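The block underneath contains the structure these notes are about, expressed in structure tokens.
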Amino acid sequence: MLDMLTVVTPMRNEEETAELFMQRLLPALERNSSKWKIIVPLTATDKTQQILDKYEVETVDVPPGLGRAYKAGLAKAIEEGDESGPVLTLDTDLSHLPEEMDMLIATDADLVLGARAETGSRFHRRMVSNLVNSILLGPYTDYTSSYRLYSRPLLKRVLPEMRSNGFAFMPEIVFRSIRAGFKVSQVTVSFPPRVAGESKMSYRSNLKDYIRFLAWRYFR
Ligand SMILES: Nc1nc2c(ncn2[C@@H]2O[C@H](COP(=O)(O)OP(=O)(O)OP(=O)(O)O)[C@@H](O)[C@H]2O)c(=O)[nH]1
Ligand SMILES: [Mg+2]
């Protein structure tokens, strides 16, 4: 049982999943921590904000881009000086099961990666994800999953260096953490398809970001 846990969960037009997600997140938090704080970096033109207003959640409005959302949310998580404890991140479409946070919390590392088990996600998505993970040539199997637990010292050190504004944020922060000498561990998590709503992953808007990240990864 933790004393304090901060959760950062980005949402982009998640009116169809926000309520269900909160209802599953809260009991899992109660089981794992005496106190918690939920920060939602929000990019929304739908009713997500109104749904979140019913809960004790801090929202931060951010422009589109998953990396931008994580930079803003994680910075907020560590800037508030009196907070302590690790920072958990996860998707809000219930592709990541809040009930599985126990496994990440029980693992001793500066960065715990929730590596997705093989799933029934669409074939081309699986292919792209496997391709990205294999060309990264790292010691872990899943660099694009955002189900993670970060230590505060790691975030304080690595976050100011982060450049990716899109989905490449996910692998970039892992490789920067490894280079900085932090202890990284991996646990296997479930990965069912999103329960409702649409995917926010766009190949077009993430391509430039990914190319810059890959150039840094191999040629720096
Ligand atoms: N604030 C913010 N959140 C985002 C943005 N893009 C994605 N997200 C959130 O990040 C999480 C992952 O996005 P998804 O759309 O589920 O991406 P995905 O899992 O690759 O796609 P699916 O397989 O269709 O679910 C979700 O909780 C999104 O709402 C963004 O630009 N801004
Ligand atoms: Mg998803």
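Chain identifiers are assigned as A, B, and so on, following the order in which chains appear in the structure tokens; residues are numbered from 1 within each chain, and ligands are numbered from 1 in order of appearance.
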Item checked: Residues near region 176-181 of chain A, cut-off 12 Å, only C-alpha atoms, skip fewer than 6 positions along chain, as a list in words ->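 The residues that qualify are Ala109, Asp110, Leu111, Val112, Leu113, Gly138, Pro139, Tyr140, Tyr143, Tyr150, Ser151, Pro153, Leu154, Leu155, Lys156, Arg157, Val158, Leu159, Pro160, Glu161, Met162, Arg163, Ser164, Phe169, Met170, Phe213, Trp216, Arg217 and Arg220 of chain A.
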Resulting file, chosen residues, N, CA and C atoms, as a PDB file, in the first residue's frame:
ATOM      1  N   ALA A 109      11.428  -0.576  -9.378  1.00  0.00           N
ATOM      2  CA  ALA A 109      12.263  -0.005 -10.447  1.00  0.00           C
ATOM      3  C   ALA A 109      11.953   1.484 -10.549  1.00  0.00           C
ATOM      4  N   ASP A 110      12.814   2.231 -11.257  1.00  0.00           N
ATOM      5  CA  ASP A 110      12.531   3.658 -11.483  1.00  0.00           C
ATOM      6  C   ASP A 110      11.489   3.842 -12.568  1.00  0.00           C
ATOM      7  N   LEU A 111      11.454   2.849 -13.470  1.00  0.00           N
ATOM      8  CA  LEU A 111      10.441   2.876 -14.529  1.00  0.00           C
ATOM      9  C   LEU A 111       9.931   1.452 -14.729  1.00  0.00           C
ATOM     10  N   VAL A 112       8.646   1.233 -14.475  1.00  0.00           N
ATOM     11  CA  VAL A 112       8.050  -0.080 -14.724  1.00  0.00           C
ATOM     12  C   VAL A 112       7.219   0.032 -16.003  1.00  0.00           C
ATOM     13  N   LEU A 113       7.559  -0.809 -16.992  1.00  0.00           N
ATOM     14  CA  LEU A 113       6.847  -0.800 -18.266  1.00  0.00           C
ATOM     15  C   LEU A 113       5.763  -1.869 -18.236  1.00  0.00           C
ATOM     16  N   GLY A 138      16.001  -2.730 -28.390  1.00  0.00           N
ATOM     17  CA  GLY A 138      16.256  -2.543 -26.960  1.00  0.00           C
ATOM     18  C   GLY A 138      16.029  -3.827 -26.195  1.00  0.00           C
ATOM     19  N   PRO A 139      16.290  -3.817 -24.895  1.00  0.00           N
ATOM     20  CA  PRO A 139      16.171  -5.037 -24.104  1.00  0.00           C
ATOM     21  C   PRO A 139      14.735  -5.393 -23.697  1.00  0.00           C
ATOM     22  N   TYR A 140      13.767  -4.522 -23.982  1.00  0.00           N
ATOM     23  CA  TYR A 140      12.384  -4.809 -23.563  1.00  0.00           C
ATOM     24  C   TYR A 140      11.519  -5.098 -24.791  1.00  0.00           C
ATOM     25  N   TYR A 143       7.816  -0.765 -26.182  1.00  0.00           N
ATOM     26  CA  TYR A 143       8.205   0.625 -25.892  1.00  0.00           C
ATOM     27  C   TYR A 143       7.089   1.603 -26.190  1.00  0.00           C
ATOM     28  N   TYR A 150       6.389   5.602 -13.077  1.00  0.00           N
ATOM     29  CA  TYR A 150       7.644   6.363 -13.091  1.00  0.00           C
ATOM     30  C   TYR A 150       7.996   6.828 -11.677  1.00  0.00           C
ATOM     31  N   SER A 151       9.296   6.812 -11.349  1.00  0.00           N
ATOM     32  CA  SER A 151       9.706   7.416 -10.076  1.00  0.00           C
ATOM     33  C   SER A 151       9.857   8.922 -10.288  1.00  0.00           C
ATOM     34  N   PRO A 153      12.348  10.952  -9.142  1.00  0.00           N
ATOM     35  CA  PRO A 153      13.704  11.367  -9.567  1.00  0.00           C
ATOM     36  C   PRO A 153      13.919  11.161 -11.064  1.00  0.00           C
ATOM     37  N   LEU A 154      13.388  10.071 -11.613  1.00  0.00           N
ATOM     38  CA  LEU A 154      13.537   9.827 -13.061  1.00  0.00           C
ATOM     39  C   LEU A 154      12.847  10.943 -13.850  1.00  0.00           C
ATOM     40  N   LEU A 155      11.629  11.267 -13.495  1.00  0.00           N
ATOM     41  CA  LEU A 155      10.899  12.301 -14.252  1.00  0.00           C
ATOM     42  C   LEU A 155      11.611  13.648 -14.159  1.00  0.00           C
ATOM     43  N   LYS A 156      12.108  13.961 -12.968  1.00  0.00           N
ATOM     44  CA  LYS A 156      12.788  15.263 -12.791  1.00  0.00           C
ATOM     45  C   LYS A 156      14.014  15.361 -13.680  1.00  0.00           C
ATOM     46  N   ARG A 157      14.695  14.230 -13.858  1.00  0.00           N
ATOM     47  CA  ARG A 157      15.924  14.225 -14.634  1.00  0.00           C
ATOM     48  C   ARG A 157      15.648  14.201 -16.140  1.00  0.00           C
ATOM     49  N   VAL A 158      14.687  13.356 -16.560  1.00  0.00           N
ATOM     50  CA  VAL A 158      14.527  13.061 -17.984  1.00  0.00           C
ATOM     51  C   VAL A 158      13.509  13.977 -18.695  1.00  0.00           C
ATOM     52  N   LEU A 159      12.492  14.390 -17.984  1.00  0.00           N
ATOM     53  CA  LEU A 159      11.414  15.162 -18.622  1.00  0.00           C
ATOM     54  C   LEU A 159      11.901  16.434 -19.335  1.00  0.00           C
ATOM     55  N   PRO A 160      12.824  17.211 -18.728  1.00  0.00           N
ATOM     56  CA  PRO A 160      13.258  18.436 -19.418  1.00  0.00           C
ATOM     57  C   PRO A 160      13.948  18.167 -20.757  1.00  0.00           C
ATOM     58  N   GLU A 161      14.444  16.928 -20.967  1.00  0.00           N
ATOM     59  CA  GLU A 161      15.140  16.613 -22.224  1.00  0.00           C
ATOM     60  C   GLU A 161      14.181  16.160 -23.331  1.00  0.00           C
ATOM     61  N   MET A 162      12.954  15.856 -22.978  1.00  0.00           N
ATOM     62  CA  MET A 162      12.048  15.209 -23.928  1.00  0.00           C
ATOM     63  C   MET A 162      11.665  16.125 -25.081  1.00  0.00           C
ATOM     64  N   ARG A 163      11.675  15.569 -26.307  1.00  0.00           N
ATOM     65  CA  ARG A 163      11.382  16.369 -27.495  1.00  0.00           C
ATOM     66  C   ARG A 163      10.113  15.962 -28.223  1.00  0.00           C
ATOM     67  N   SER A 164       9.756  14.671 -28.215  1.00  0.00           N
ATOM     68  CA  SER A 164       8.612  14.219 -29.019  1.00  0.00           C
ATOM     69  C   SER A 164       7.300  14.821 -28.538  1.00  0.00           C
ATOM     70  N   PHE A 169       6.753   9.992 -28.028  1.00  0.00           N
ATOM     71  CA  PHE A 169       7.098  10.293 -26.633  1.00  0.00           C
ATOM     72  C   PHE A 169       7.303   9.001 -25.838  1.00  0.00           C
ATOM     73  N   MET A 170       6.461   7.981 -26.134  1.00  0.00           N
ATOM     74  CA  MET A 170       6.493   6.759 -25.321  1.00  0.00           C
ATOM     75  C   MET A 170       7.859   6.060 -25.387  1.00  0.00           C
ATOM     76  N   PHE A 213      12.740  11.051 -33.661  1.00  0.00           N
ATOM     77  CA  PHE A 213      13.113  10.194 -32.533  1.00  0.00           C
ATOM     78  C   PHE A 213      14.068   9.080 -32.984  1.00  0.00           C
ATOM     79  N   TRP A 216      17.537  10.343 -33.523  1.00  0.00           N
ATOM     80  CA  TRP A 216      18.204  10.541 -32.229  1.00  0.00           C
ATOM     81  C   TRP A 216      18.654   9.192 -31.657  1.00  0.00           C
ATOM     82  N   ARG A 217      17.757   8.192 -31.783  1.00  0.00           N
ATOM     83  CA  ARG A 217      18.032   6.865 -31.210  1.00  0.00           C
ATOM     84  C   ARG A 217      19.275   6.226 -31.833  1.00  0.00           C
ATOM     85  N   ARG A 220      22.726   9.635 -32.690  1.00  0.00           N
ATOM     86  CA  ARG A 220      23.209  10.628 -31.761  1.00  0.00           C
ATOM     87  C   ARG A 220      24.617  10.303 -31.290  1.00  0.00           C
TER      88      ARG A 220
END
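The shell of residues at most 8 Å from Glu99 (chain A), with only C-alpha atoms counted and near chain neighbours (fewer than 6 positions) removed, consists of Arg24, Leu25 and Ala28 of chain A.
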Check: Can you tell me which residues sit at most 8 Å away from ligand 1, counting only C-alpha atoms and all ligand atoms, written as a count of residues only?
Finding: 38
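Residues within 10 Å of region 29-33 of chain A, counting only C-alpha atoms and excluding same-chain residues fewer than 6 positions away, are Met1, Leu2, Asp3, Met4, Leu5, Thr6, Val7, Gly85, Pro98, Glu99, Met101, Asp102, Ile105 and Ala106 of chain A.
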File dump, residues just selected, N, CA and C atoms, as an mmCIF file, in the first residue's frame:
data_model
loop_
_atom_site.group_PDB
_atom_site.id
_atom_site.type_symbol
_atom_site.label_atom_id
_atom_site.label_comp_id
_atom_site.auth_asym_id
_atom_site.auth_seq_id
_atom_site.Cartn_x
_atom_site.Cartn_y
_atom_site.Cartn_z
ATOM 1 N N MET A 1 0.848 -1.209 0.000
ATOM 2 C CA MET A 1 0.000 0.000 0.000
ATOM 3 C C MET A 1 0.875 1.248 0.000
ATOM 4 N N LEU A 2 0.662 2.122 -0.995
ATOM 5 C CA LEU A 2 1.440 3.357 -1.075
ATOM 6 C C LEU A 2 0.798 4.431 -0.191
ATOM 7 N N ASP A 3 1.615 5.424 0.222
ATOM 8 C CA ASP A 3 1.038 6.577 0.937
ATOM 9 C C ASP A 3 0.380 7.524 -0.057
ATOM 10 N N MET A 4 1.074 7.678 -1.213
ATOM 11 C CA MET A 4 0.576 8.654 -2.195
ATOM 12 C C MET A 4 0.884 8.158 -3.608
ATOM 13 N N LEU A 5 -0.079 8.293 -4.494
ATOM 14 C CA LEU A 5 0.117 7.927 -5.894
ATOM 15 C C LEU A 5 -0.472 9.032 -6.770
ATOM 16 N N THR A 6 0.300 9.487 -7.739
ATOM 17 C CA THR A 6 -0.215 10.464 -8.704
ATOM 18 C C THR A 6 -0.496 9.724 -10.009
ATOM 19 N N VAL A 7 -1.656 9.984 -10.601
ATOM 20 C CA VAL A 7 -2.027 9.316 -11.853
ATOM 21 C C VAL A 7 -2.140 10.375 -12.948
ATOM 22 N N GLY A 85 5.736 10.011 -3.762
ATOM 23 C CA GLY A 85 5.228 8.775 -4.348
ATOM 24 C C GLY A 85 5.393 8.764 -5.853
ATOM 25 N N PRO A 98 -7.329 -0.803 -15.188
ATOM 26 C CA PRO A 98 -6.901 -0.165 -13.941
ATOM 27 C C PRO A 98 -6.603 -1.199 -12.846
ATOM 28 N N GLU A 99 -7.327 -2.328 -12.878
ATOM 29 C CA GLU A 99 -7.135 -3.377 -11.863
ATOM 30 C C GLU A 99 -5.726 -3.962 -11.902
ATOM 31 N N MET A 101 -2.966 -2.250 -12.078
ATOM 32 C CA MET A 101 -1.938 -1.337 -11.545
ATOM 33 C C MET A 101 -1.165 -1.985 -10.390
ATOM 34 N N ASP A 102 -1.806 -2.915 -9.679
ATOM 35 C CA ASP A 102 -1.155 -3.613 -8.557
ATOM 36 C C ASP A 102 0.189 -4.212 -8.971
ATOM 37 N N ILE A 105 2.840 -1.517 -9.401
ATOM 38 C CA ILE A 105 3.201 -0.939 -8.101
ATOM 39 C C ILE A 105 4.064 -1.903 -7.289
ATOM 40 N N ALA A 106 3.846 -3.212 -7.480
ATOM 41 C CA ALA A 106 4.607 -4.213 -6.718
ATOM 42 C C ALA A 106 6.028 -4.408 -7.261
#
Check: Pick from A:Ala168, A:Ile78, A:Leu97, A:Met22: nearest to ligand 2, with only C-alpha atoms and all ligand atoms counted?
Finding: A:Leu97
Next item on the list: Looking only at strand (DSSP E) from DSSP on the backbone, list the matching residues of region 59-169 of chain A as a ChimeraX atom specification.
Entry: /A:59-61,87-89,111-116,148-150
Margin query: From a backbone DSSP assignment, name each residue in chain A labelled alpha helix (DSSP H), as a ChimeraX atom specification.
Written below: /A:18-32,48-52,66-79,101-105,123-135,152-158,169-179,203-219
Next item on the list: Measure the distance from CA of Ala117 (chain A) to CA of Leu149 (chain A) in Å and round it to one decimal.
Entry: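 Those two atoms sit 17.5 Å apart.
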Checklist line | Lys47 (chain A) surroundings by only C-alpha atoms, 10 Å radius, close-in-sequence under 2 positions cut, as a ChimeraX atom specification | finding: /A:13-16,18,44-45,49-52
